[in-house]
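J.: Structure supplied as model.cif; contents: mmCIF, C-alpha atoms.
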```
data_run
loop_
_atom_site.group_PDB
_atom_site.id
_atom_site.type_symbol
_atom_site.label_atom_id
_atom_site.label_comp_id
_atom_site.auth_asym_id
_atom_site.auth_seq_id
_atom_site.Cartn_x
_atom_site.Cartn_y
_atom_site.Cartn_z
ATOM 1 C CA MET I 1 -15.756 62.179 -68.678
ATOM 2 C CA ILE I 2 -17.635 64.838 -70.618
ATOM 3 C CA ASN I 3 -16.043 66.309 -73.739
ATOM 4 C CA ARG I 4 -16.295 69.802 -75.165
ATOM 5 C CA ARG I 5 -18.663 68.838 -77.956
ATOM 6 C CA HIS I 6 -21.218 67.674 -75.465
ATOM 7 C CA ILE I 7 -20.652 70.797 -73.382
ATOM 8 C CA ARG I 8 -21.459 72.833 -76.496
ATOM 9 C CA VAL I 9 -24.631 70.799 -77.004
ATOM 10 C CA LYS I 10 -25.691 71.418 -73.417
ATOM 11 C CA VAL I 11 -25.053 75.149 -73.741
ATOM 12 C CA MET I 12 -26.957 75.236 -77.045
ATOM 13 C CA GLN I 13 -29.941 73.580 -75.387
ATOM 14 C CA ALA I 14 -29.817 76.026 -72.468
ATOM 15 C CA VAL I 15 -29.645 79.070 -74.763
ATOM 16 C CA TYR I 16 -32.457 77.664 -76.902
ATOM 17 C CA ALA I 17 -34.616 77.129 -73.797
ATOM 18 C CA MET I 18 -34.027 80.734 -72.705
ATOM 19 C CA HIS I 19 -35.060 82.056 -76.119
ATOM 20 C CA GLN I 20 -38.152 79.877 -76.292
ATOM 21 C CA SER I 21 -39.331 80.792 -72.790
ATOM 22 C CA GLN I 22 -38.235 84.438 -73.162
ATOM 23 C CA ASN I 23 -36.694 84.083 -69.730
ATOM 24 C CA ASP I 24 -33.867 86.460 -68.822
ATOM 25 C CA ASP I 25 -32.930 84.989 -65.438
ATOM 26 C CA LEU I 26 -29.330 84.208 -66.320
ATOM 27 C CA ILE I 27 -28.346 82.919 -62.867
ATOM 28 C CA ARG I 28 -31.263 80.485 -62.691
ATOM 29 C CA GLU I 29 -30.686 79.179 -66.209
ATOM 30 C CA GLU I 30 -26.975 78.733 -65.561
ATOM 31 C CA LYS I 31 -27.740 76.685 -62.451
ATOM 32 C CA LEU I 32 -30.127 74.501 -64.484
ATOM 33 C CA LEU I 33 -27.452 74.076 -67.146
ATOM 34 C CA LYS I 34 -24.848 72.952 -64.628
ATOM 35 C CA LEU I 35 -27.353 70.598 -62.990
ATOM 36 C CA SER I 36 -28.152 69.094 -66.389
ATOM 37 C CA VAL I 37 -24.443 68.480 -67.010
ATOM 38 C CA ASP I 38 -23.884 67.018 -63.546
ATOM 39 C CA LYS I 39 -26.838 64.638 -63.951
ATOM 40 C CA MET I 40 -25.043 62.925 -66.826
ATOM 41 C CA GLN I 41 -22.761 61.273 -64.303
ATOM 42 C CA ASP I 42 -25.818 59.906 -62.479
ATOM 43 C CA MET I 43 -26.876 58.112 -65.652
ATOM 44 C CA TYR I 44 -23.335 56.843 -66.177
ATOM 45 C CA VAL I 45 -23.253 55.341 -62.684
ATOM 46 C CA LEU I 46 -26.758 53.891 -63.036
ATOM 47 C CA LEU I 47 -25.758 52.055 -66.211
ATOM 48 C CA LEU I 48 -22.643 50.645 -64.553
ATOM 49 C CA SER I 49 -24.609 49.573 -61.485
ATOM 50 C CA MET I 50 -27.203 47.906 -63.723
ATOM 51 C CA LEU I 51 -24.599 45.253 -64.551
ATOM 52 C CA VAL I 52 -24.113 44.472 -60.857
ATOM 53 C CA GLU I 53 -27.883 44.336 -60.312
ATOM 54 C CA VAL I 54 -28.277 41.847 -63.168
ATOM 55 C CA ARG I 55 -25.578 39.678 -61.578
ATOM 56 C CA ASP I 56 -27.353 39.868 -58.225
ATOM 57 C CA MET I 57 -30.668 38.899 -59.802
ATOM 58 C CA GLU I 58 -29.014 35.829 -61.348
ATOM 59 C CA ARG I 59 -27.521 34.876 -57.984
ATOM 60 C CA ILE I 60 -30.882 35.128 -56.228
ATOM 61 C CA PHE I 61 -32.502 33.075 -58.996
ATOM 62 C CA LEU I 62 -29.922 30.304 -58.638
ATOM 63 C CA GLU I 63 -30.221 30.277 -54.850
ATOM 64 C CA VAL I 64 -33.997 29.961 -54.994
ATOM 65 C CA SER I 65 -33.827 27.290 -57.696
ATOM 66 C CA SER I 66 -31.351 25.192 -55.681
ATOM 67 C CA LYS I 67 -33.740 25.099 -52.708
ATOM 68 C CA LYS I 68 -36.741 23.785 -54.618
ATOM 69 C CA ILE I 69 -38.073 20.481 -53.350
ATOM 70 C CA LEU I 70 -37.745 18.914 -56.786
ATOM 71 C CA ALA I 71 -34.598 20.741 -57.829
ATOM 72 C CA THR I 72 -32.741 19.172 -60.733
ATOM 73 C CA LYS I 73 -29.075 18.230 -60.667
ATOM 74 C CA GLU I 74 -28.258 21.380 -62.654
ATOM 75 C CA GLU I 75 -30.248 23.534 -60.234
ATOM 76 C CA LYS I 76 -28.484 22.046 -57.216
ATOM 77 C CA ASN I 77 -25.081 22.575 -58.818
ATOM 78 C CA PRO I 78 -25.581 25.619 -61.048
ATOM 79 C CA ASN I 79 -23.114 27.176 -63.441
ATOM 80 C CA VAL I 80 -21.821 30.262 -61.607
ATOM 81 C CA LYS I 81 -19.560 31.575 -64.347
ATOM 82 C CA PHE I 82 -21.589 34.773 -64.770
ATOM 83 C CA ILE I 83 -21.915 35.322 -61.019
ATOM 84 C CA ASN I 84 -18.134 35.118 -60.699
ATOM 85 C CA ASN I 85 -17.488 37.424 -63.646
ATOM 86 C CA LYS I 86 -14.336 39.354 -62.758
ATOM 87 C CA VAL I 87 -15.424 42.620 -64.350
ATOM 88 C CA ILE I 88 -18.633 42.718 -62.349
ATOM 89 C CA GLN I 89 -16.601 41.932 -59.253
ATOM 90 C CA LEU I 90 -14.503 45.030 -59.965
ATOM 91 C CA LEU I 91 -17.684 47.084 -60.219
ATOM 92 C CA ASN I 92 -19.099 45.571 -57.059
ATOM 93 C CA GLU I 93 -15.894 46.186 -55.104
ATOM 94 C CA SER I 94 -15.472 49.800 -56.220
ATOM 95 C CA ASN I 95 -15.657 52.043 -53.162
ATOM 96 C CA SER I 96 -16.001 55.183 -55.269
ATOM 97 C CA LEU I 97 -18.929 53.683 -57.200
ATOM 98 C CA ALA I 98 -20.676 52.643 -53.980
ATOM 99 C CA LEU I 99 -20.015 56.047 -52.406
ATOM 100 C CA PHE I 100 -21.394 57.907 -55.430
ATOM 101 C CA ILE I 101 -24.554 55.764 -55.417
ATOM 102 C CA ASP I 102 -25.019 56.394 -51.708
ATOM 103 C CA GLU I 103 -24.333 60.149 -51.802
ATOM 104 C CA HIS I 104 -26.584 60.723 -54.817
ATOM 105 C CA LYS I 105 -29.270 58.336 -53.540
ATOM 106 C CA LEU I 106 -29.294 56.349 -56.788
ATOM 107 C CA ASN I 107 -31.569 53.548 -55.602
ATOM 108 C CA ASN I 108 -33.387 53.428 -58.955
ATOM 109 C CA TRP I 109 -32.842 49.759 -59.691
ATOM 110 C CA TYR I 110 -33.848 48.784 -56.153
ATOM 111 C CA LEU I 111 -37.156 50.610 -56.635
ATOM 112 C CA ASP I 112 -37.641 49.673 -60.293
ATOM 113 C CA THR I 113 -36.471 46.075 -60.497
ATOM 114 C CA ALA I 114 -38.606 45.408 -63.591
ATOM 115 C CA TYR I 115 -35.924 47.041 -65.738
ATOM 116 C CA VAL I 116 -33.217 44.848 -64.234
ATOM 117 C CA LYS I 117 -35.382 41.790 -64.812
ATOM 118 C CA ASP I 118 -35.906 42.730 -68.451
ATOM 119 C CA ILE I 119 -32.151 42.944 -69.047
ATOM 120 C CA TRP I 120 -31.561 39.721 -67.122
ATOM 121 C CA LYS I 121 -34.163 37.752 -69.124
ATOM 122 C CA THR I 122 -32.913 39.102 -72.452
ATOM 123 C CA MET I 123 -29.354 38.214 -71.490
ATOM 124 C CA LYS I 124 -30.284 34.641 -70.516
ATOM 125 C CA GLU I 125 -31.937 34.095 -73.900
ATOM 126 C CA SER I 126 -29.031 35.465 -75.933
ATOM 127 C CA ASP I 127 -26.745 33.204 -77.937
ATOM 128 C CA PHE I 128 -23.581 34.901 -76.680
ATOM 129 C CA TYR I 129 -24.620 34.327 -73.046
ATOM 130 C CA ILE I 130 -25.182 30.622 -73.718
ATOM 131 C CA ALA I 131 -21.792 30.398 -75.462
ATOM 132 C CA TYR I 132 -20.077 32.282 -72.639
ATOM 133 C CA MET I 133 -21.535 30.007 -69.968
ATOM 134 C CA ALA I 134 -20.522 26.898 -71.928
ATOM 135 C CA ASN I 135 -16.952 28.095 -72.393
ATOM 136 C CA GLU I 136 -14.731 26.301 -69.857
ATOM 137 C CA LYS I 137 -11.907 28.799 -70.299
ATOM 138 C CA ASP I 138 -11.572 31.312 -67.495
ATOM 139 C CA SER I 139 -9.859 34.669 -67.940
ATOM 140 C CA PHE I 140 -10.367 38.356 -67.247
ATOM 141 C CA GLU I 141 -10.340 39.168 -70.961
ATOM 142 C CA LEU I 142 -13.104 36.662 -71.714
ATOM 143 C CA ASP I 143 -15.154 38.052 -68.831
ATOM 144 C CA LYS I 144 -14.619 41.598 -70.093
ATOM 145 C CA GLU I 145 -15.486 40.654 -73.653
ATOM 146 C CA PHE I 146 -18.777 39.229 -72.449
ATOM 147 C CA ILE I 147 -19.673 42.244 -70.281
ATOM 148 C CA VAL I 148 -18.843 44.717 -73.048
ATOM 149 C CA ARG I 149 -21.056 42.744 -75.421
ATOM 150 C CA LEU I 150 -23.813 42.529 -72.811
ATOM 151 C CA PHE I 151 -23.757 46.291 -72.474
ATOM 152 C CA ARG I 152 -23.474 47.109 -76.182
ATOM 153 C CA GLU I 153 -26.073 44.627 -77.448
ATOM 154 C CA ILE I 154 -28.605 44.446 -74.626
ATOM 155 C CA VAL I 155 -28.319 47.293 -72.117
ATOM 156 C CA ALA I 156 -27.415 50.256 -74.341
ATOM 157 C CA PRO I 157 -30.096 49.713 -77.042
ATOM 158 C CA ASN I 158 -32.852 48.792 -74.568
ATOM 159 C CA GLU I 159 -35.819 51.044 -75.391
ATOM 160 C CA LYS I 160 -37.490 50.538 -72.012
ATOM 161 C CA ILE I 161 -34.433 51.890 -70.204
ATOM 162 C CA ALA I 162 -34.255 54.810 -72.640
ATOM 163 C CA ASP I 163 -37.914 55.617 -71.938
ATOM 164 C CA TYR I 164 -37.239 55.269 -68.216
ATOM 165 C CA PHE I 165 -34.363 57.756 -68.350
ATOM 166 C CA GLU I 166 -36.449 60.184 -70.389
ATOM 167 C CA ASP I 167 -39.239 59.954 -67.834
ATOM 168 C CA LYS I 168 -36.833 60.592 -64.944
ATOM 169 C CA ASN I 169 -35.007 63.509 -66.535
ATOM 170 C CA ILE I 170 -35.990 65.073 -69.865
ATOM 171 C CA SER I 171 -32.438 66.364 -70.426
ATOM 172 C CA TRP I 172 -31.196 62.754 -70.432
ATOM 173 C CA VAL I 173 -32.773 62.098 -73.835
ATOM 174 C CA ASP I 174 -29.896 63.692 -75.718
ATOM 175 C CA ASP I 175 -27.304 62.378 -73.259
ATOM 176 C CA ILE I 176 -28.025 58.669 -73.736
ATOM 177 C CA PRO I 177 -25.793 58.073 -76.811
ATOM 178 C CA PHE I 178 -22.884 59.954 -75.246
ATOM 179 C CA VAL I 179 -23.197 58.215 -71.862
ATOM 180 C CA ASN I 180 -23.537 54.794 -73.515
ATOM 181 C CA THR I 181 -20.270 55.436 -75.347
ATOM 182 C CA TRP I 182 -18.706 56.609 -72.086
ATOM 183 C CA VAL I 183 -19.734 53.409 -70.267
ATOM 184 C CA ALA I 184 -18.525 51.167 -73.113
ATOM 185 C CA LYS I 185 -15.167 52.951 -73.137
ATOM 186 C CA THR I 186 -14.855 52.563 -69.365
ATOM 187 C CA LEU I 187 -15.546 48.824 -69.552
ATOM 188 C CA ASN I 188 -13.067 48.347 -72.374
ATOM 189 C CA GLN I 189 -10.324 50.072 -70.402
ATOM 190 C CA LEU I 190 -10.676 47.887 -67.295
ATOM 191 C CA THR I 191 -7.814 45.621 -66.270
ATOM 192 C CA PRO I 192 -7.405 43.297 -63.270
ATOM 193 C CA LEU I 193 -5.340 46.033 -61.608
ATOM 194 C CA LYS I 194 -7.408 48.990 -62.806
ATOM 195 C CA GLY I 195 -10.871 49.055 -61.350
ATOM 196 C CA ILE I 196 -13.633 51.644 -61.467
ATOM 197 C CA TYR I 197 -13.011 55.088 -60.042
ATOM 198 C CA ILE I 198 -15.753 57.715 -60.219
ATOM 199 C CA GLY I 199 -13.791 60.922 -60.439
ATOM 200 C CA SER I 200 -14.545 64.373 -61.797
ATOM 201 C CA LEU I 201 -17.022 64.721 -64.622
ATOM 202 C CA TYR I 202 -14.683 67.187 -66.301
ATOM 203 C CA LYS I 203 -11.233 66.639 -67.775
ATOM 204 C CA ASP I 204 -9.924 69.693 -65.921
ATOM 205 C CA GLU I 205 -10.944 73.017 -64.385
ATOM 206 C CA ASP I 206 -10.800 74.713 -67.801
ATOM 207 C CA ASP I 207 -13.557 72.465 -69.138
ATOM 208 C CA GLN I 208 -15.674 73.081 -66.036
ATOM 209 C CA LYS I 209 -15.228 76.832 -66.410
ATOM 210 C CA TYR I 210 -15.950 76.579 -70.129
ATOM 211 C CA VAL I 211 -19.566 75.586 -69.405
ATOM 212 C CA SER I 212 -20.354 78.839 -67.613
ATOM 213 C CA ASP I 213 -18.161 81.021 -69.821
ATOM 214 C CA LEU I 214 -19.659 79.862 -73.109
ATOM 215 C CA PHE I 215 -23.210 80.152 -71.787
ATOM 216 C CA ARG I 216 -22.764 83.571 -70.192
ATOM 217 C CA LYS I 217 -20.782 85.129 -73.029
ATOM 218 C CA THR I 218 -23.243 83.878 -75.625
ATOM 219 C CA VAL I 219 -26.277 85.197 -73.744
ATOM 220 C CA LEU I 220 -24.772 88.486 -72.578
ATOM 221 C CA ASN I 221 -23.440 89.314 -76.044
ATOM 222 C CA ASP I 222 -26.590 88.314 -77.886
ATOM 223 C CA ARG I 223 -27.220 91.718 -79.463
ATOM 224 C CA MET I 224 -23.669 92.024 -80.768
ATOM 225 C CA LEU I 225 -23.693 88.457 -82.051
ATOM 226 C CA SER I 226 -27.025 89.014 -83.806
ATOM 227 C CA GLU I 227 -25.581 92.060 -85.565
ATOM 228 C CA GLU I 228 -22.547 90.058 -86.690
ATOM 229 C CA VAL I 229 -24.812 87.433 -88.249
ATOM 230 C CA ASP I 230 -27.179 89.999 -89.778
ATOM 231 C CA GLN I 231 -24.328 91.886 -91.454
ATOM 232 C CA ARG I 232 -23.047 88.759 -93.161
ATOM 233 C CA THR I 233 -26.333 87.226 -94.252
ATOM 234 C CA PRO I 234 -27.874 90.139 -96.209
ATOM 235 C CA ASN I 235 -29.986 87.846 -98.361
ATOM 236 C CA TRP I 236 -31.440 86.080 -95.339
ATOM 237 C CA ASP I 237 -34.204 87.393 -93.157
ATOM 238 C CA MET I 238 -33.196 86.522 -89.578
ATOM 239 C CA ASP I 239 -36.624 84.967 -89.078
ATOM 240 C CA ARG I 240 -35.896 82.531 -91.929
ATOM 241 C CA ILE I 241 -32.814 81.100 -90.224
ATOM 242 C CA ALA I 242 -33.667 78.071 -88.086
ATOM 243 C CA ASP I 243 -33.505 78.890 -84.373
ATOM 244 C CA VAL I 244 -30.948 76.190 -83.661
ATOM 245 C CA ASP I 245 -28.788 77.294 -86.608
ATOM 246 C CA LEU I 246 -28.801 80.876 -85.400
ATOM 247 C CA ILE I 247 -27.820 79.853 -81.885
ATOM 248 C CA LEU I 248 -25.004 77.647 -83.157
ATOM 249 C CA ILE I 249 -23.663 80.438 -85.360
ATOM 250 C CA LYS I 250 -23.781 82.893 -82.441
ATOM 251 C CA MET I 251 -21.986 80.444 -80.167
ATOM 252 C CA ALA I 252 -19.300 79.914 -82.801
ATOM 253 C CA ILE I 253 -18.782 83.665 -83.286
ATOM 254 C CA CYS I 254 -18.569 83.978 -79.514
ATOM 255 C CA GLU I 255 -15.784 81.388 -79.532
ATOM 256 C CA PHE I 256 -14.017 83.231 -82.355
ATOM 257 C CA LEU I 257 -13.934 86.463 -80.387
ATOM 258 C CA LYS I 258 -14.047 85.499 -76.704
ATOM 259 C CA PHE I 259 -12.076 82.251 -76.467
ATOM 260 C CA PRO I 260 -8.511 82.887 -77.658
ATOM 261 C CA SER I 261 -7.245 79.384 -76.834
ATOM 262 C CA ILE I 262 -9.759 77.555 -79.074
ATOM 263 C CA PRO I 263 -8.584 77.171 -82.699
ATOM 264 C CA THR I 264 -10.936 78.724 -85.245
ATOM 265 C CA ARG I 265 -11.029 75.560 -87.360
ATOM 266 C CA VAL I 266 -11.905 73.468 -84.301
ATOM 267 C CA THR I 267 -14.823 75.784 -83.547
ATOM 268 C CA ILE I 268 -16.153 75.569 -87.108
ATOM 269 C CA ASN I 269 -15.841 71.784 -87.291
ATOM 270 C CA GLU I 270 -17.518 71.271 -83.910
ATOM 271 C CA TYR I 271 -20.580 73.361 -84.738
ATOM 272 C CA ILE I 272 -20.929 71.767 -88.158
ATOM 273 C CA GLU I 273 -21.059 68.339 -86.497
ATOM 274 C CA ILE I 274 -23.561 69.514 -83.893
ATOM 275 C CA ALA I 275 -25.785 70.929 -86.644
ATOM 276 C CA LYS I 276 -25.824 67.527 -88.359
ATOM 277 C CA ASP I 277 -27.337 65.972 -85.240
ATOM 278 C CA TYR I 278 -29.615 68.750 -84.015
ATOM 279 C CA SER I 279 -30.811 70.822 -86.950
ATOM 280 C CA THR I 280 -32.091 70.508 -90.518
ATOM 281 C CA GLU I 281 -30.578 68.450 -93.324
ATOM 282 C CA LYS I 282 -28.938 71.473 -94.991
ATOM 283 C CA SER I 283 -27.961 73.291 -91.795
ATOM 284 C CA SER I 284 -24.383 72.025 -91.642
ATOM 285 C CA PHE I 285 -23.651 73.400 -95.144
ATOM 286 C CA PHE I 286 -25.249 76.735 -94.314
ATOM 287 C CA ILE I 287 -23.404 77.057 -91.006
ATOM 288 C CA ASN I 288 -20.120 76.034 -92.620
ATOM 289 C CA GLY I 289 -20.487 78.726 -95.264
ATOM 290 C CA VAL I 290 -21.411 81.472 -92.809
ATOM 291 C CA LEU I 291 -18.705 80.631 -90.268
ATOM 292 C CA ASP I 292 -16.012 80.222 -92.901
ATOM 293 C CA LYS I 293 -16.857 83.661 -94.314
ATOM 294 C CA ILE I 294 -16.955 85.289 -90.876
ATOM 295 C CA SER I 295 -13.688 83.716 -89.704
ATOM 296 C CA LYS I 296 -11.873 84.942 -92.826
ATOM 297 C CA GLU I 297 -13.249 88.453 -92.383
ATOM 298 C CA PHE I 298 -12.276 88.467 -88.708
ATOM 299 C CA GLU I 299 -8.790 87.281 -89.558
ATOM 300 C CA LYS I 300 -8.368 89.893 -92.286
ATOM 301 C CA SER I 301 -9.547 92.683 -89.984
ATOM 302 C CA LYS I 302 -7.394 91.317 -87.165
ATOM 303 C CA ARG I 303 -10.364 90.805 -84.850
ATOM 304 C CA LEU I 304 -9.185 87.294 -84.039
ATOM 305 C CA ASN I 305 -6.928 87.189 -81.022
ATOM 306 C CA LYS I 306 -5.923 83.553 -80.937
ATOM 307 C CA ILE I 307 -2.981 82.517 -78.765
ATOM 308 C CA GLY I 308 -0.526 79.758 -79.616
ATOM 309 C CA ARG I 309 0.705 78.430 -82.934
ATOM 310 C CA GLY I 310 -1.645 77.135 -85.611
ATOM 311 C CA LEU I 311 -4.765 78.406 -83.926
ATOM 312 C CA LEU I 312 -6.213 80.125 -86.943
#
```
Represent the structure from my file as structure tokens, please.

T.:
Amino acid sequence: MINRRHIRVKVMQAVYAMHQSQNDDLIREEKLLKLSVDKMQDMYVLLLSMLVEVRDMERIFLEVSSKKILATKEEKNPNVKFINNKVIQLLNESNSLALFIDEHKLNNWYLDTAYVKDIWKTMKESDFYIAYMANEKDSFELDKEFIVRLFREIVAPNEKIADYFEDKNISWVDDIPFVNTWVAKTLNQLTPLKGIYIGSLYKDEDDQKYVSDLFRKTVLNDRMLSEEVDQRTPNWDMDRIADVDLILIKMAICEFLKFPSIPTRVTINEYIEIAKDYSTEKSSFFINGVLDKISKEFEKSKRLNKIGRGLL
């Protein structure tokens, strides 16, 4: 499920792209923004399905090995602990996961099996896989512990998969850390009675609406927002402010004035954190100073129209 920080990042990227391309087709850019957000769920499902594909590759390997003319005793009677992993069974039996893969035509791992094979081989050589297979205890928690570790230590940091995602969709580059965290959280929350359900990407309709509202209000009020920044940074030439910093400040001011339900302090903290990841080393301090000054001026002049208690 996408959170508001990542929505802000997506909107920032969309606004930045519009400025760089000098494109004013708001409807087209909004559609691209929404598509970029929606595609995050494709990556999420692909990473979950990767675990099933690795299991299937192991099963095929064991079946082929058992049929060799000179098969060893171990090959004829292989250890099937991983194949019977209960977490992967939950993934494999999820109707919503299968339906999503079918509807979105996510046959990536069928077409690009080399990536599955790379994960499979790395897993087989890992110490924790060897220890897991040697452990005679059998429980859902042990199976889950292994799968979570498999994802965190082998799948998530795999550079080949990261390059693959970047090649398939350039917007996925910045989504990978968030989606990896999303997958890990999903796996950790699984229970024998709680399987995988691929529901809405958004927490609620408000979050879904927030994507379009933040993008549109930031773009359509650009002149006003630029004036607000210019008035409060008299010692700064607008051209000297980093493009990303300027966009983040404008988005924050837009939230101050156009989003009454979002607390001012939440807005400031969110854009400071985004600046740490996407702008210069000193940007977060600069943005903090500017936004803190603006919010206090807006509050004093009663331009803030926040609803609810403690929203200032």

J.: Just the residues within 10 Å of I:Gly289, please, counting all atoms listed in the file, with nothing from its chain fewer than 5 positions along; format it as a list in words.

T.: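 Result of the neighbour search: Ile268, Ile272, Ser283, Ser284 and Ile294 of chain I.
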
J.: Restricting the calculation to all atoms listed in the file: of I:Ser279, I:Gln20, I:Asn92, I:Asn84, which residue gets closest to I:Met50?

T.: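 Of I:Ser279, I:Gln20, I:Asn92, I:Asn84, the one nearest I:Met50 is I:Asn92, counting all atoms listed in the file.
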
J.: Have a look at atom CA of I:Lys144 and atom CA of I:Ile198 and let me know their distance in Å, one decimal.

T.: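 So the answer is 18.9 Å.
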
J.: For a test of reading the model, state the distance in Å between atom CA of I:Val183 and atom CA of I:Val80, rounded to one decimal.

T.: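 That distance, rounded to one decimal, is 24.8 Å.
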
J.: I'd like the neighbourhood of I:Phe82 as a ChimeraX atom specification, where a residue qualifies if any of its atoms comes within 12 Å (using all atoms listed in the file), though same-chain residues fewer than 2 positions away should be ignored.

T.: /I:51-52,54-59,62,78-80,84-89,120,123-124,129-135,138,142-144,146-147,150

J.: Choose the residue, out of I:Glu299, I:Arg28, I:Gln13, I:Gln41, that has the smallest atom-to-atom separation from I:Phe178; count only C-alpha atoms.

T.: I:Gln41

J.: Between atom CA of I:Val173 and atom CA of I:Thr280, what is the spacing in Å?

T.: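 Computing it gives 18.7 Å between the two atoms.
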
J.: For stretch 135-147 of chain I in the structure I just supplied, write out N, CA and C atoms - as a PDB file, in the first residue's frame.

T.:
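The new file part_39.pdb reads:
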```pdb
ATOM      1  N   ASN I 135      17.409 -28.299   9.083  1.00  0.00           N
ATOM      2  CA  ASN I 135      16.593 -28.208  10.293  1.00  0.00           C
ATOM      3  C   ASN I 135      15.386 -29.153  10.181  1.00  0.00           C
ATOM      4  N   GLU I 136      15.287 -30.121  11.072  1.00  0.00           N
ATOM      5  CA  GLU I 136      14.199 -31.095  11.009  1.00  0.00           C
ATOM      6  C   GLU I 136      12.889 -30.560  11.566  1.00  0.00           C
ATOM      7  N   LYS I 137      12.943 -29.421  12.251  1.00  0.00           N
ATOM      8  CA  LYS I 137      11.718 -28.829  12.777  1.00  0.00           C
ATOM      9  C   LYS I 137      10.869 -28.295  11.628  1.00  0.00           C
ATOM     10  N   ASP I 138       9.575 -28.375  11.807  1.00  0.00           N
ATOM     11  CA  ASP I 138       8.656 -27.953  10.742  1.00  0.00           C
ATOM     12  C   ASP I 138       7.579 -27.057  11.338  1.00  0.00           C
ATOM     13  N   SER I 139       7.571 -25.787  10.938  1.00  0.00           N
ATOM     14  CA  SER I 139       6.545 -24.874  11.427  1.00  0.00           C
ATOM     15  C   SER I 139       6.375 -23.718  10.449  1.00  0.00           C
ATOM     16  N   PHE I 140       5.229 -23.074  10.517  1.00  0.00           N
ATOM     17  CA  PHE I 140       4.962 -21.927   9.653  1.00  0.00           C
ATOM     18  C   PHE I 140       5.931 -20.799   9.958  1.00  0.00           C
ATOM     19  N   GLU I 141       6.212 -20.560  11.230  1.00  0.00           N
ATOM     20  CA  GLU I 141       7.096 -19.465  11.611  1.00  0.00           C
ATOM     21  C   GLU I 141       8.510 -19.660  11.080  1.00  0.00           C
ATOM     22  N   LEU I 142       9.007 -20.916  11.134  1.00  0.00           N
ATOM     23  CA  LEU I 142      10.337 -21.177  10.585  1.00  0.00           C
ATOM     24  C   LEU I 142      10.352 -20.967   9.074  1.00  0.00           C
ATOM     25  N   ASP I 143       9.290 -21.403   8.411  1.00  0.00           N
ATOM     26  CA  ASP I 143       9.178 -21.207   6.965  1.00  0.00           C
ATOM     27  C   ASP I 143       9.140 -19.717   6.630  1.00  0.00           C
ATOM     28  N   LYS I 144       8.389 -18.956   7.415  1.00  0.00           N
ATOM     29  CA  LYS I 144       8.287 -17.517   7.167  1.00  0.00           C
ATOM     30  C   LYS I 144       9.621 -16.818   7.425  1.00  0.00           C
ATOM     31  N   GLU I 145      10.276 -17.216   8.487  1.00  0.00           N
ATOM     32  CA  GLU I 145      11.575 -16.628   8.814  1.00  0.00           C
ATOM     33  C   GLU I 145      12.562 -16.828   7.668  1.00  0.00           C
ATOM     34  N   PHE I 146      12.522 -18.012   7.073  1.00  0.00           N
ATOM     35  CA  PHE I 146      13.426 -18.283   5.960  1.00  0.00           C
ATOM     36  C   PHE I 146      13.072 -17.440   4.743  1.00  0.00           C
ATOM     37  N   ILE I 147      11.789 -17.349   4.398  1.00  0.00           N
ATOM     38  CA  ILE I 147      11.372 -16.604   3.211  1.00  0.00           C
ATOM     39  C   ILE I 147      11.660 -15.116   3.364  1.00  0.00           C
TER      40      ILE I 147
END
```
